[in-house]
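Visitor: Can you read through this structure? Questions will come right after.
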Number of protein chains: 2
Amino acid sequence: MTPPGTARKRPYAPRMAPAERREQLLDTALRIINTEGVVGVSVDAVARAAGVTRPVVYGQFTDSNHILRDLLRREGERALAQIADTLPADLADADPVAVFTHVAESFFAAVTTHPERWRAILLPVDAAPPPVRAYRQQAEAAIRTQFADITRHFLTGRPGTEAVDVDLLAHLLLTAMEEGGRLTLRDPDGYPPRRLTAMARFMVETFSERYPDDR
Amino acid sequence: MTPPGTARKRPYAPRMAPAERREQLLDTALRIINTEGVVGVSVDAVARAAGVTRPVVYGQFTDSNHILRDLLRREGERALAQIADTLPADLADADPVAVFTHVAESFFAAVTTHPERWRAILLPVDAAPPPVRAYRQQAEAAIRTQFADITRHFLTGRPGTEAVDVDLLAHLLLTAMEEGGRLTLRDPDGYPPRRLTAMARFMVETFSERYPDDR
DNA sequence: GACTGTAGCTACAGCTGTGTAGCTTCACAA
DNA sequence: TTGTGAAGCTACACAGCTGTAGCTACAGTC
């Protein structure tokens, strides 16, 4: 029995069945990812945020990687289910353009409906420390502006392109370029510069042929 | 004087002028990024890898963020210069398609020529802990395969698309989708689902009109 | 109302990284 | 040859996170 006057350091957390506790800890980890980022997820942080002590967490997971892995798996499954639910049933024999558009629509709707979930899936990028992230963002913004100017210049004088969302288009093109860079860094043999450059040409040609220059 | 028998714990590192030391430490940090990832860059790690003690590093930088920020700035500038050097001089009045292709070519060449530099710039993504990264990669691969199947199905029966690099195209389209998701997560008002879906439709329509279905 | 199993807690030892104060060594110059 | 200033080093206090051993409190059962 606790001697009178010797107050507990912490309130005794409400008891929970293991499975229930497990889910609660994953929820907690998800919350942390959304506030502190992936790097903020430590066994200690999860325990504190959940209002329990570390040994409780160690009862359910071996370490913080275990937590993250299970969380990602859980949210990944839910995310897929979420998209599947929103998709129209009879996609098989529909117009391909409509099909693709529907998929995109479902995806963006899903992201909007459960931002916390999708942040965990799409934003592990933000693991970099804040000052570095800040610098990156600024530098990237500058490059994107330049890229948007080029794109705008490209579209000028091509009838039918007035309504094109140039800024977004340029942003996504640049993103594709960056991903190309990553691919060749990770697998230079699988993705040689030649292959990537060819894809770049293919893409710009496609736009160019849909909207020919009439000057 | 050191008492005989009391060996120094470490050899006295060669002296360097501050500016020189600074550059050396940045080089060291870049090497660490390329081997351990961004997370591996701590004041301690840089000092050890450079063969000096921490106070030496603290003489040049306030903390590890300072190191990373300055490194990114330095490599960023060099990267831009690198691309500029490779670009043909007379781009202004050339065919837009050729211009874009040249830019892409220069970029991919630059990445291939200085992988360490570009890894620092393009791969902060890999900050996630290894097991998580492993799980992500596996999950992403599965989705990409599915996406590639859809894309292939889309191209079937459209003459002229036989030579298209479907896998790469699908990969980049998916990357663009993901970036769309990130945009709406970070700035829901600037990038509402409506806007992103419209862009998706625009892109697929563009492909569809260049390569009409003749079935 | 005592019994018991399990969920939760305290406490400790250990490791890694952070900054800093104060001493040592070196290189160059008078 | 000796002086001196700057570059390096040692050593310490501290902070945060990791795992784990062993004790305590609660809830359901007889």
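For the structure tokens, the naming scheme is as follows: chains receive sequential letters (A, B, ...) according to their order of presentation, residues are indexed from 1 within each chain, and ligands are indexed from 1 in presentation order.
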Can you list, as a list in words, every protein, DNA or RNA residue that comes within 9 Å of region 185-188 of chain B when you count only C-alpha atoms (C1' of nucleotides), leaving out same-chain residues fewer than 3 positions away?
Guide: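 The residues satisfying every condition are Val111, Thr112, Pro115, Glu116, Trp118 and Arg119 of chain A; Gly180, Gly181, Arg182, Tyr191, Pro192 and Pro193 of chain B.
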Visitor: Report as a tab-separated table the residues of chain A within 9 Å of chain D, each with its shortest atom pair and distance in Å (one decimal), using only C-alpha atoms (C1' of nucleotides), ordered by chain and increasing residue number.
Guide:
```
residue	atom	partner	partner_atom	distance
A:Met1	CA	D:DT24	C1'	7.8
A:Thr2	CA	D:DT24	C1'	8.7
A:Tyr12	CA	D:DA25	C1'	8.4
A:Arg15	CA	D:DC26	C1'	8.3
A:Ser42	CA	D:DC17	C1'	7.8
A:Val43	CA	D:DC17	C1'	8.2
A:Asp44	CA	D:DC17	C1'	6.9
A:Pro55	CA	D:DT20	C1'	8.6
A:Tyr58	CA	D:DG19	C1'	8.6
A:Asp63	CA	D:DT18	C1'	9.0
```
Visitor: Pull the alpha helix (DSSP H) assignments for chain B out of DSSP run on the backbone, and list those residues as a VMD selection string.
Guide: chain B and resid 18 to 36 43 to 50 54 to 60 64 to 86 96 to 113 115 to 122 130 to 155 166 to 186 193 to 210
Visitor: Per residue of chain C within 9 Å of chain B, which atom pair is closest and at what distance in Å (one decimal), using only C-alpha atoms (C1' of nucleotides), listed by chain and increasing number, as CSV?
Guide:
```
residue,atom,partner,partner_atom,distance
C:DG17,C1',B:Asp44,CA,6.9
C:DT18,C1',B:Val43,CA,8.6
C:DG19,C1',B:Tyr58,CA,8.7
C:DT20,C1',B:Pro55,CA,8.6
C:DT24,C1',B:Met1,CA,8.0
C:DT25,C1',B:Tyr12,CA,8.3
C:DC26,C1',B:Arg15,CA,8.3
```
Visitor: Quick check: residues of chain A within 6 Å of chain B, only C-alpha atoms, returned as a list in words.
Guide: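 The contacting residues on chain A are Arg69, Thr101, Ala104, Glu105, Phe108, Val125, Ala127, Val132, Leu172, Ala176, Pro193, Thr197 and Arg201 of chain A.
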